[in-house]
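Asker: Just protein-v8.cif, nothing more (mmCIF, C-alpha atoms and all ligand atoms):
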```cif
data_input
#
loop_
_atom_site.label_atom_id
_atom_site.label_comp_id
_atom_site.auth_asym_id
_atom_site.auth_seq_id
_atom_site.Cartn_x
_atom_site.Cartn_y
_atom_site.Cartn_z
CA MET A 1 21.03 -19.87 168.25
CA THR A 2 17.65 -21.13 169.19
CA ASP A 3 17.27 -23.99 166.66
CA SER A 4 19.62 -26.42 168.38
CA ASP A 5 20.86 -27.16 171.89
CA GLN A 6 24.35 -27.87 170.64
CA SER A 7 26.66 -24.96 171.32
CA THR A 8 29.97 -26.67 170.53
CA TYR A 9 31.13 -27.32 166.97
CA ASP A 10 34.40 -28.02 165.23
CA VAL A 11 33.75 -25.31 162.67
CA ALA A 12 31.57 -22.18 162.51
CA VAL A 13 30.92 -20.75 159.07
CA VAL A 14 29.70 -17.16 159.20
CA GLY A 15 27.68 -16.42 156.05
CA GLY A 16 25.59 -18.85 154.05
CA GLY A 17 26.18 -17.74 150.47
CA PRO A 18 27.87 -20.00 147.88
CA ALA A 19 31.30 -19.59 149.54
CA GLY A 20 30.21 -20.39 153.10
CA LEU A 21 27.85 -23.21 152.12
CA THR A 22 30.60 -24.88 150.06
CA ALA A 23 33.10 -24.61 152.93
CA ALA A 24 30.46 -26.16 155.21
CA LEU A 25 29.70 -28.91 152.69
CA TYR A 26 33.37 -29.96 152.73
CA THR A 27 33.96 -29.71 156.47
CA THR A 28 30.75 -31.65 157.19
CA ARG A 29 31.38 -34.41 154.63
CA LEU A 30 34.97 -34.65 155.89
CA GLY A 31 33.68 -35.40 159.37
CA HIS A 32 33.69 -32.10 161.30
CA ASP A 33 30.64 -30.83 163.18
CA THR A 34 29.80 -27.59 161.41
CA ALA A 35 27.41 -24.74 162.12
CA ILE A 36 26.50 -22.19 159.46
CA ILE A 37 25.27 -18.91 160.87
CA ASP A 38 23.74 -16.78 158.15
CA ARG A 39 21.75 -13.56 158.11
CA GLY A 40 20.56 -14.28 154.53
CA VAL A 41 19.92 -11.77 151.73
CA GLY A 42 23.52 -11.69 150.47
CA ARG A 43 24.59 -11.08 146.87
CA ALA A 44 23.71 -14.56 145.61
CA ALA A 45 20.17 -14.06 146.93
CA MET A 46 19.85 -11.04 144.60
CA MET A 47 20.32 -13.10 141.43
CA ALA A 48 17.23 -13.16 139.24
CA ASP A 49 18.94 -15.80 137.06
CA THR A 50 22.16 -17.76 137.55
CA HIS A 51 24.92 -17.45 134.94
CA ASN A 52 28.38 -19.04 134.66
CA VAL A 53 27.69 -21.97 136.97
CA ILE A 54 28.15 -25.10 134.94
CA GLY A 55 25.35 -27.62 135.48
CA ILE A 56 22.94 -24.91 136.69
CA THR A 57 20.68 -23.41 134.07
CA GLU A 58 19.72 -19.73 133.84
CA ASP A 59 16.16 -20.28 134.98
CA VAL A 60 17.43 -21.05 138.50
CA SER A 61 17.26 -17.94 140.69
CA GLY A 62 19.69 -17.15 143.50
CA THR A 63 17.11 -17.94 146.18
CA GLU A 64 16.38 -21.34 144.58
CA LEU A 65 20.10 -22.15 144.31
CA LEU A 66 20.69 -21.22 147.96
CA LYS A 67 17.64 -23.16 149.20
CA THR A 68 18.87 -26.33 147.47
CA ALA A 69 22.39 -25.77 148.78
CA ARG A 70 21.17 -25.27 152.37
CA GLU A 71 19.12 -28.47 152.18
CA GLN A 72 22.15 -30.32 150.78
CA VAL A 73 24.52 -29.36 153.60
CA GLN A 74 21.88 -30.02 156.26
CA ASP A 75 21.22 -33.48 154.77
CA TYR A 76 24.89 -34.29 155.38
CA GLY A 77 24.59 -33.16 159.01
CA ALA A 78 25.55 -29.48 159.11
CA THR A 79 23.46 -27.16 161.29
CA TYR A 80 22.04 -24.00 159.72
CA HIS A 81 21.02 -21.02 161.84
CA ARG A 82 19.33 -17.94 160.36
CA ASP A 83 21.05 -15.43 162.62
CA PHE A 84 23.47 -12.51 162.63
CA VAL A 85 26.93 -12.95 164.15
CA THR A 86 27.72 -9.94 166.30
CA GLY A 87 31.16 -10.90 167.59
CA ILE A 88 33.90 -13.54 167.62
CA GLU A 89 36.49 -13.83 170.37
CA ARG A 90 39.56 -15.99 170.84
CA GLU A 91 39.02 -18.58 173.61
CA GLY A 92 42.08 -20.79 174.23
CA ASP A 93 42.95 -22.50 170.92
CA GLY A 94 39.41 -21.91 169.62
CA PHE A 95 36.80 -19.18 169.41
CA LEU A 96 33.52 -18.03 170.91
CA VAL A 97 31.05 -17.01 168.23
CA GLU A 98 28.27 -14.72 169.43
CA SER A 99 25.01 -14.25 167.61
CA ASN A 100 21.88 -12.54 168.92
CA GLY A 101 23.09 -12.97 172.47
CA ALA A 102 23.77 -16.74 172.12
CA VAL A 103 27.31 -18.10 172.06
CA CYS A 104 28.86 -21.18 170.48
CA GLU A 105 32.32 -22.59 171.01
CA VAL A 106 34.29 -23.68 167.95
CA ASP A 107 37.80 -24.72 166.89
CA ARG A 108 37.88 -22.99 163.53
CA VAL A 109 36.04 -20.07 161.94
CA VAL A 110 35.29 -19.43 158.26
CA LEU A 111 34.29 -15.86 157.40
CA ALA A 112 32.13 -15.84 154.27
CA THR A 113 30.29 -12.58 154.85
CA GLY A 114 30.71 -11.05 151.37
CA PHE A 115 30.05 -7.40 150.57
CA SER A 116 27.20 -5.08 149.68
CA ASP A 117 27.11 -3.12 146.43
CA GLU A 118 26.60 0.62 146.88
CA ARG A 119 23.16 1.22 145.38
CA PRO A 120 22.59 4.46 143.48
CA ASP A 121 19.63 6.74 144.17
CA PRO A 122 16.32 6.02 142.41
CA PRO A 123 14.76 6.11 139.87
CA LEU A 124 16.19 2.67 139.04
CA PRO A 125 14.97 -0.37 137.06
CA PRO A 126 14.49 -3.70 138.89
CA THR A 127 17.66 -5.66 139.75
CA GLY A 128 18.33 -8.20 136.99
CA ARG A 129 15.91 -6.43 134.62
CA GLY A 130 17.98 -3.44 133.63
CA LEU A 131 20.06 -2.93 136.81
CA HIS A 132 23.05 -5.27 136.95
CA TYR A 133 25.90 -5.63 139.40
CA CYS A 134 27.96 -8.37 137.81
CA LEU A 135 29.86 -7.64 134.59
CA HIS A 136 31.16 -11.17 134.01
CA CYS A 137 27.68 -12.60 134.55
CA ASP A 138 25.56 -10.18 132.56
CA ALA A 139 27.67 -8.60 129.76
CA TYR A 140 26.58 -11.54 127.56
CA MET A 141 22.95 -10.38 127.83
CA PHE A 142 23.86 -7.04 126.28
CA VAL A 143 25.53 -8.10 123.05
CA ASP A 144 24.32 -5.56 120.44
CA GLU A 145 22.05 -3.84 123.00
CA SER A 146 22.10 -0.22 124.18
CA VAL A 147 23.85 -0.10 127.57
CA TYR A 148 24.51 2.49 130.29
CA VAL A 149 27.14 2.57 133.02
CA MET A 150 26.47 4.84 136.04
CA GLY A 151 29.20 6.41 138.12
CA HIS A 152 31.96 8.98 138.05
CA GLY A 153 35.14 7.12 139.08
CA ASP A 154 37.77 5.05 137.31
CA SER A 155 35.80 1.82 137.69
CA ALA A 156 32.75 3.32 135.92
CA ALA A 157 34.91 4.58 133.06
CA TYR A 158 36.65 1.21 132.74
CA VAL A 159 33.40 -0.78 132.75
CA ALA A 160 32.02 1.54 130.05
CA MET A 161 35.09 0.86 127.88
CA ILE A 162 34.93 -2.88 128.61
CA MET A 163 31.29 -2.98 127.47
CA LEU A 164 32.49 -1.92 123.98
CA ASN A 165 33.68 -5.53 123.65
CA PHE A 166 30.00 -6.53 123.59
CA THR A 167 28.10 -3.65 121.99
CA ASP A 168 28.68 -0.40 120.11
CA GLU A 169 26.08 1.57 122.13
CA VAL A 170 27.49 2.55 125.53
CA ASP A 171 26.67 5.70 127.55
CA LEU A 172 28.37 6.72 130.77
CA LEU A 173 25.85 8.46 133.07
CA LEU A 174 27.41 10.92 135.53
CA ARG A 175 24.02 11.83 137.06
CA GLY A 176 25.18 15.36 137.91
CA ASP A 177 28.43 14.28 139.60
CA ASP A 178 31.83 15.57 138.54
CA PRO A 179 34.14 12.89 137.14
CA THR A 180 36.80 11.72 139.61
CA TRP A 181 38.67 9.41 137.24
CA SER A 182 42.37 9.97 136.59
CA ASP A 183 43.83 11.98 133.72
CA GLU A 184 45.05 8.75 132.13
CA THR A 185 41.56 7.23 132.31
CA ASP A 186 40.15 10.46 130.87
CA ARG A 187 42.51 10.21 127.89
CA MET A 188 41.54 6.59 127.34
CA LEU A 189 37.82 7.33 127.65
CA ARG A 190 37.97 10.13 125.08
CA ALA A 191 39.57 7.70 122.62
CA HIS A 192 36.59 5.29 122.88
CA PRO A 193 33.16 5.85 121.27
CA ILE A 194 31.26 6.44 124.53
CA ASP A 195 28.78 9.27 125.21
CA VAL A 196 29.27 10.82 128.64
CA ILE A 197 25.92 12.20 129.85
CA ASP A 198 26.14 14.82 132.64
CA GLU A 199 22.47 15.29 133.56
CA GLU A 200 20.71 13.62 136.47
CA ILE A 201 18.04 10.99 135.71
CA THR A 202 14.51 12.17 136.46
CA GLY A 203 12.43 9.19 135.29
CA MET A 204 12.59 5.52 134.33
CA ASN A 205 10.30 3.64 131.93
CA LYS A 206 9.80 -0.13 131.84
CA GLY A 207 8.59 -2.30 128.98
CA PRO A 208 5.78 -4.88 129.19
CA ASP A 209 8.40 -7.57 130.01
CA GLY A 210 9.37 -5.67 133.16
CA TRP A 211 12.77 -4.70 131.75
CA LEU A 212 14.11 -1.16 131.58
CA GLU A 213 13.16 0.60 128.37
CA SER A 214 14.48 4.15 128.84
CA PHE A 215 15.70 6.82 131.26
CA GLU A 216 14.44 10.43 131.22
CA PHE A 217 16.99 13.15 131.99
CA GLU A 218 16.61 16.59 133.57
CA ASP A 219 17.26 18.35 130.25
CA GLY A 220 14.10 16.65 128.91
CA SER A 221 15.94 14.05 126.79
CA VAL A 222 14.97 10.37 126.80
CA ARG A 223 17.53 7.64 126.11
CA GLU A 224 16.72 4.00 125.49
CA TYR A 225 18.66 1.24 127.24
CA ARG A 226 18.24 -2.49 127.71
CA GLY A 227 20.26 -2.34 130.92
CA GLY A 228 23.49 -1.39 132.58
CA PHE A 229 25.81 -1.34 135.56
CA PRO A 230 25.97 1.06 138.53
CA MET A 231 29.60 1.49 139.63
CA TYR A 232 29.63 3.16 143.06
CA GLY A 233 31.83 0.72 144.95
CA SER A 234 31.42 -2.07 147.50
CA GLU A 235 31.06 -2.13 151.26
CA TYR A 236 32.89 -5.18 152.61
CA ASN A 237 31.35 -6.99 155.58
CA ASN A 238 34.77 -7.17 157.24
CA GLU A 239 34.02 -6.01 160.81
CA LEU A 240 34.35 -9.49 162.32
CA ALA A 241 37.66 -10.03 160.49
CA ALA A 242 38.97 -6.64 161.61
CA ASP A 243 37.91 -7.24 165.25
CA LEU A 244 39.73 -10.59 165.21
CA GLY A 245 42.89 -8.81 164.02
CA CYS A 246 42.94 -10.24 160.47
CA ASP A 247 45.05 -8.20 158.02
CA LEU A 248 42.92 -6.28 155.52
CA ASN A 249 43.84 -4.94 152.07
CA ASP A 250 43.35 -1.23 151.28
CA ASP A 251 40.09 -1.95 149.46
CA GLY A 252 38.62 -3.70 152.54
CA THR A 253 39.08 -7.31 151.40
CA VAL A 254 40.63 -9.77 153.86
CA VAL A 255 44.20 -10.93 153.19
CA VAL A 256 44.30 -14.72 152.67
CA ASP A 257 46.67 -17.36 151.32
CA ASP A 258 45.71 -19.80 148.58
CA HIS A 259 43.77 -21.96 151.08
CA GLY A 260 41.75 -19.13 152.61
CA ARG A 261 43.90 -18.83 155.74
CA THR A 262 43.88 -15.30 157.16
CA SER A 263 46.73 -13.78 159.16
CA VAL A 264 45.01 -15.04 162.36
CA ASP A 265 45.54 -18.73 163.19
CA GLY A 266 42.33 -20.74 162.87
CA VAL A 267 40.40 -18.04 160.97
CA TYR A 268 39.68 -18.55 157.26
CA ALA A 269 37.99 -16.20 154.79
CA VAL A 270 36.41 -17.02 151.43
CA GLY A 271 34.19 -15.65 148.66
CA ASP A 272 33.47 -12.02 147.86
CA LEU A 273 35.11 -11.00 151.16
CA VAL A 274 38.56 -11.85 149.78
CA PRO A 275 40.41 -10.61 146.66
CA GLY A 276 39.55 -12.24 143.34
CA HIS A 277 36.76 -12.42 140.81
CA ASN A 278 33.34 -12.05 142.42
CA GLN A 279 31.74 -15.10 140.87
CA ILE A 280 29.87 -18.08 142.27
CA PRO A 281 32.25 -20.73 140.86
CA VAL A 282 35.20 -18.80 142.33
CA ALA A 283 33.45 -18.47 145.71
CA MET A 284 32.67 -22.18 145.66
CA GLY A 285 36.29 -23.03 144.78
CA GLN A 286 37.55 -20.92 147.66
CA GLY A 287 35.03 -22.54 150.02
CA ALA A 288 36.17 -25.99 148.89
CA LYS A 289 39.84 -25.16 149.39
CA ALA A 290 39.25 -23.72 152.86
CA GLY A 291 37.09 -26.72 153.83
CA ILE A 292 39.82 -29.15 152.81
CA ALA A 293 42.52 -27.05 154.54
CA ILE A 294 40.48 -27.10 157.76
CA HIS A 295 40.09 -30.87 157.51
CA MET A 296 43.85 -31.30 157.07
CA ASP A 297 44.36 -29.06 160.08
CA LEU A 298 41.77 -30.72 162.37
CA ARG A 299 41.78 -34.38 161.38
CA ALA A 300 42.96 -36.73 164.11
CA PHE A 301 44.84 -39.29 161.99
CA PRO A 302 47.50 -40.11 160.99
CA ARG A 303 49.10 -39.39 164.38
CA SER A 304 52.62 -38.03 163.80
CA VAL A 305 55.74 -39.54 165.39
CA GLU A 306 55.85 -36.60 167.86
CA GLU A 307 52.18 -37.15 168.75
CA ILE A 308 52.74 -40.89 169.17
CA GLU A 309 55.61 -40.11 171.52
CA GLU A 310 53.37 -37.72 173.48
CA GLN A 311 50.03 -39.59 173.39
CA GLY A 312 51.05 -43.16 172.58
CA PRO A 313 49.76 -45.30 169.71
CA VAL A 314 46.19 -44.98 168.43
CA ASP A 315 43.84 -47.05 170.55
CA PRO A 316 41.19 -48.99 168.55
CA ASP A 317 38.59 -47.27 170.78
CA GLU A 318 39.67 -43.88 169.44
CA VAL A 319 38.64 -44.63 165.85
CA PRO A 320 36.77 -43.50 163.88
CA ALA A 321 37.24 -39.83 164.77
CA VAL A 322 33.89 -38.65 163.34
CA SER A 323 31.33 -37.58 165.95
CA GLN A 324 28.44 -39.93 166.79
CA SER A 325 25.85 -37.63 165.25
CA LEU A 326 27.72 -37.23 161.94
CA ARG A 327 28.31 -41.00 161.81
CA GLU A 328 24.60 -41.64 162.22
CA THR A 329 23.74 -39.05 159.56
CA ALA A 330 26.31 -40.53 157.13
CA ARG A 331 24.95 -44.05 157.66
CA ALA A 332 21.34 -42.91 157.24
CA PHE A 333 22.31 -40.95 154.12
CA ARG A 334 24.06 -43.98 152.60
CA ASP A 335 21.13 -46.26 153.47
CA ALA A 336 18.65 -43.84 151.87
CA GLU A 337 20.77 -43.67 148.69
CA ALA A 338 21.01 -47.46 148.57
CA ALA A 339 17.23 -47.80 149.04
CA GLU A 340 16.63 -45.26 146.27
CA SER A 341 18.90 -47.03 143.77
CA ALA A 342 17.33 -50.41 144.70
CA ALA A 343 13.89 -48.89 143.98
CA ASP A 344 15.17 -47.55 140.61
CA ASP A 345 16.46 -51.00 139.53
C1 LIG J 1 22.55 -9.04 141.23
C2 LIG J 1 23.70 -9.99 141.18
C3 LIG J 1 23.73 -11.00 140.23
C4 LIG J 1 24.80 -11.90 140.19
N1 LIG J 1 24.79 -12.88 139.26
C5 LIG J 1 25.77 -13.80 139.25
C6 LIG J 1 25.75 -14.89 138.32
O1 LIG J 1 24.81 -15.01 137.51
N2 LIG J 1 26.77 -15.79 138.33
C7 LIG J 1 27.82 -15.66 139.20
O2 LIG J 1 28.73 -16.49 139.16
N3 LIG J 1 27.87 -14.64 140.11
C8 LIG J 1 26.87 -13.73 140.16
N4 LIG J 1 26.92 -12.70 141.06
C9 LIG J 1 28.03 -12.65 142.02
C10 LIG J 1 27.77 -13.66 143.15
O3 LIG J 1 26.47 -13.45 143.66
C11 LIG J 1 28.79 -13.53 144.26
O4 LIG J 1 30.10 -13.57 143.74
C12 LIG J 1 28.61 -14.65 145.30
O5 LIG J 1 27.30 -14.61 145.84
C13 LIG J 1 29.64 -14.54 146.42
O6 LIG J 1 29.34 -15.51 147.40
P1 LIG J 1 29.64 -15.25 148.94
O7 LIG J 1 29.18 -16.48 149.63
O8 LIG J 1 31.03 -14.80 149.12
O9 LIG J 1 28.74 -13.99 149.35
P2 LIG J 1 27.16 -13.76 149.47
O10 LIG J 1 26.42 -14.51 148.44
O11 LIG J 1 26.99 -12.28 149.48
O12 LIG J 1 26.78 -14.36 150.90
C14 LIG J 1 27.25 -13.76 152.08
C15 LIG J 1 26.31 -14.15 153.22
O13 LIG J 1 26.89 -13.75 154.48
C16 LIG J 1 25.86 -13.22 155.28
N5 LIG J 1 26.44 -12.38 156.36
C17 LIG J 1 27.15 -11.24 156.25
N6 LIG J 1 27.53 -10.81 157.48
C18 LIG J 1 27.03 -11.71 158.37
C19 LIG J 1 27.08 -11.83 159.79
N7 LIG J 1 27.74 -10.96 160.56
N8 LIG J 1 26.42 -12.88 160.38
C20 LIG J 1 25.76 -13.81 159.64
N9 LIG J 1 25.70 -13.74 158.28
C21 LIG J 1 26.32 -12.71 157.66
C22 LIG J 1 25.02 -12.42 154.28
O14 LIG J 1 23.78 -12.07 154.84
C23 LIG J 1 24.95 -13.45 153.14
O15 LIG J 1 23.89 -14.36 153.33
C24 LIG J 1 25.87 -11.78 141.12
C25 LIG J 1 25.85 -10.74 142.07
C26 LIG J 1 24.77 -9.87 142.12
C27 LIG J 1 24.76 -8.79 143.16
#
```
Can the structure in the file be given as structure tokens, please?
Answerer:
Amino acid sequence: MTDSDQSTYDVAVVGGGPAGLTAALYTTRLGHDTAIIDRGVGRAAMMADTHNVIGITEDVSGTELLKTAREQVQDYGATYHRDFVTGIEREGDGFLVESNGAVCEVDRVVLATGFSDERPDPPLPPTGRGLHYCLHCDAYMFVDESVYVMGHGDSAAYVAMIMLNFTDEVDLLLRGDDPTWSDETDRMLRAHPIDVIDEEITGMNKGPDGWLESFEFEDGSVREYRGGFPMYGSEYNNELAADLGCDLNDDGTVVVDDHGRTSVDGVYAVGDLVPGHNQIPVAMGQGAKAGIAIHMDLRAFPRSVEEIEEQGPVDPDEVPAVSQSLRETARAFRDAEAAESAADD
């Protein structure tokens, strides 16, 4: 944390993908000092094009989307640190968040650390140009195209069968591994028009557009594909959640309620780290819900009857509850908007 002297925030968001940035957008605009601590290079950063996000066209890459989003939240007053969080500890009612040896003190934590896709061994085509990790995003690109699915487990077999909804040319590439799918899956797979190819891949050829054209196999055969999906599982970035004592599901996702609350008071989790569809709009929705839940949890007013009995009525000096720095940013933001619309008139 070298970018700012401030080491106390209302909220720390760990992970600056679509889920974390949306949570931070809400907490900041709802008046809570928020720090985003983000290592970068998450799944959204791997997107060559963006699909399924209404209002964002395909020509926007993941890095462009994230850059705009980071600028947006910082314009509202959030602090962004490019850093790796190494540990989070309970400290009184709040938490100490440690990154690269620096520590910040916060009231609430949002874990938005996502997961990493297990990458198969090369030879492989470029990501987004024949190698695809997101079925709901990219199946549309392969309507009537020749498609492969790599892997040997149930998920690979299922994705191969699902791709028959989009095209009649689907191969399942075992790459020398023995199938580990269940007997039931095996029965289903045999009843679908899918070629299961045993041999390992020995070469990959690209077309002039940079997209995959074909794979070469160790038996000397060459098969043409436009693209496909490797299905070797996901590694959840759940160490911080586990260390904090958050309940985890068997697959490694963090257990949350409908507002992103984990089993540990004050700790929220959103995005690919939690169960659900791994999609940007879903991650954003979860970030929004957690941000609003945190606001409802932290906001100072209205003071309840019990609080009024304990602390007395609200003194005019106590309002508004927003910190001085966020107030100044909000006023400057509003003034800039007003100046811009006056210039447009
Ligand atoms: C190649 C590819 C293409 C895709 N295309 C689409 C698409 O077109 N449309 C769509 O809707 N979805 C798409 N997806 C899915 C989408 O990218 C994810 O669902 C989405 O990014 C999830 O957001 P997230 O914020 O949970 O995680 P991520 O985007 O993965 O962000 C997590 C962030 O947390 C950071 N982090 C992790 N641990 C720490 C730590 N300890 N300290 C600090 N930072 C940490 C990571 O570095 C990363 O920056 C695609 C996925 C891939 C892999």
Asker: Segment 152-169 of chain A: which residues within 7 Å, counting only C-alpha atoms, same-chain residues fewer than 5 positions away excluded, as a list of chain:residue names?
Answerer: A:Ala139, A:Phe142, A:Val143, A:Asp144, A:Glu145, A:Ser146, A:Val147, A:Leu174, A:Asp177, A:Asp178, A:Pro179, A:Thr180, A:Trp181, A:Ser182, A:Thr185, A:Leu189, A:His192, A:Met231
Asker: Select, from A:Thr8, A:Ser214, A:Ser325, A:Thr253, the residue with the minimum atom-to-atom distance to Pro123 of chain A, counting only C-alpha atoms.
Answerer: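 Closest candidate: A:Ser214.
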Asker: So how many Å separate atom CA of Val255 of chain A and atom CA of Leu111 of chain A, to one decimal?
Answerer: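 Atom CA of Val255 of chain A sits 11.8 Å away from atom CA of Leu111 of chain A.
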Asker: Which residue gives the smallest distance to ligand LIG 1 (chain J) among A:Thr28, A:Ser99, A:Thr50, A:Ser341, with only C-alpha atoms and all ligand atoms counted?
Answerer: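 Of A:Thr28, A:Ser99, A:Thr50, A:Ser341, the one nearest ligand LIG 1 (chain J), counting only C-alpha atoms and all ligand atoms, is A:Thr50.
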Asker: Provide the atom CA of Leu21 of chain A to atom CA of Met284 of chain A distance in Å, to one decimal place.
Answerer: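 Going from atom CA of Leu21 of chain A over to atom CA of Met284 of chain A covers 8.1 Å.
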Asker: Pick out the closest residue to Met141 of chain A from this set: A:Gly94, A:Gly266, A:Gly77, A:Gly128. Count only C-alpha atoms.
Answerer: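 Smallest separation from Met141 of chain A among the options: A:Gly128.
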Asker: Show me the residues around (39.3, -32.2, 151.6) - criterion: an atom at most 12 Å away, only C-alpha atoms counted - as a PyMOL selection string.
Answerer: chain A and resi 22-32+259+285+287-299
Asker: Got a sec to check which residues sit within 9 Å of (21.8, -11.5, 170.1), counting only C-alpha atoms, and write them as a VMD selection string?
Answerer: chain A and resid 1 83 to 86 98 to 103
Asker: Those residues you just picked out, can you put them in a file as a PDB file, in the coordinates of the input with C-alpha atoms?
Answerer:
```pdb
ATOM      1  CA  MET A   1      21.030 -19.870 168.250  1.00  0.00           C
ATOM      2  CA  ASP A  83      21.050 -15.430 162.620  1.00  0.00           C
ATOM      3  CA  PHE A  84      23.470 -12.510 162.630  1.00  0.00           C
ATOM      4  CA  VAL A  85      26.930 -12.950 164.150  1.00  0.00           C
ATOM      5  CA  THR A  86      27.720  -9.940 166.300  1.00  0.00           C
ATOM      6  CA  GLU A  98      28.270 -14.720 169.430  1.00  0.00           C
ATOM      7  CA  SER A  99      25.010 -14.250 167.610  1.00  0.00           C
ATOM      8  CA  ASN A 100      21.880 -12.540 168.920  1.00  0.00           C
ATOM      9  CA  GLY A 101      23.090 -12.970 172.470  1.00  0.00           C
ATOM     10  CA  ALA A 102      23.770 -16.740 172.120  1.00  0.00           C
ATOM     11  CA  VAL A 103      27.310 -18.100 172.060  1.00  0.00           C
TER      12      VAL A 103
END
```
Asker: Enter the distance from atom CA of Val109 of chain A to atom CA of Asp38 of chain A, in Å, rounded to one decimal.
Answerer: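 Atom CA of Asp38 of chain A lies at a distance of 13.3 Å from atom CA of Val109 of chain A.
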Asker: Just checking: using all atoms listed in the file, which residue out of A:Leu131, A:Val319, A:Ala330, A:Leu244 ends up closest to Gly210 of chain A?
Answerer: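 Going through A:Leu131, A:Val319, A:Ala330, A:Leu244 one by one, the smallest distance to Gly210 of chain A is for A:Leu131.
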Asker: Pick from A:Asp117, A:Glu218, A:Asp10, A:Asp171: nearest to ligand LIG 1 (chain J), with only C-alpha atoms and all ligand atoms counted?
Answerer: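 Between A:Asp117, A:Glu218, A:Asp10, A:Asp171, the residue approaching ligand LIG 1 (chain J) most closely is A:Asp117.
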Asker: How big is the axis-aligned box, and where does its centre sit, when it encloses all atoms of segment 235-247 of chain A listed in the file and has 4 Å added on every side, reported in Å to one decimal as JSON?
Answerer:
```
{"center_x": 38.1, "center_y": -6.4, "center_z": 158.3, "size_x": 22.0, "size_y": 16.5, "size_z": 22.0}
```
Asker: Which is closer to ligand LIG 1 (chain J) than all the others in A:Thr34, A:Ser7, A:Gln286, A:Gln279, using all atoms listed in the file?
Answerer: A:Gln279
Asker: Would you mind listing what lies within 12 Å of Asp93 of chain A as a list in words, with all atoms listed in the file counted and same-chain residues fewer than 2 positions away left out?
Answerer: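 Answer for this query is Asp10, Glu89, Arg90, Glu91, Phe95, Leu96, Glu105, Val106, Asp107, Arg108, Val109, Val264, Asp265, Gly266, Val267 and Leu298 of chain A.
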Asker: Tell me which protein, DNA and RNA residues are within 10 Å of Asp121 of chain A, counting only C-alpha atoms, leaving out same-chain ones fewer than 2 positions away, and put them as a PDB file with C-alpha atoms, keeping the file's coordinate frame.
Answerer:
```pdb
ATOM      1  CA  GLU A 118      26.600   0.620 146.880  1.00  0.00           C
ATOM      2  CA  ARG A 119      23.160   1.220 145.380  1.00  0.00           C
ATOM      3  CA  PRO A 123      14.760   6.110 139.870  1.00  0.00           C
ATOM      4  CA  LEU A 124      16.190   2.670 139.040  1.00  0.00           C
ATOM      5  CA  ARG A 175      24.020  11.830 137.060  1.00  0.00           C
ATOM      6  CA  ILE A 201      18.040  10.990 135.710  1.00  0.00           C
TER       7      ILE A 201
END
```
Asker: For Val13 of chain A, find every residue with an atom within 7 Å (counting all atoms listed in the file), except residues of its own chain fewer than 2 positions away, and show them as a list in words.
Answerer: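 Answer for this query is Val11, Gly15, Gly20, Ala24, Ala35, Ile36, Ile37, Val109, Val110, Leu111 and Ala112 of chain A.
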Asker: List the neighbours of Gly245 of chain A out to 9 Å using only C-alpha atoms; skip same-chain residues closer than 4 positions along the sequence, and give me the result as an MDAnalysis selection string.
Answerer: chainID A and resid 240:241 263:264
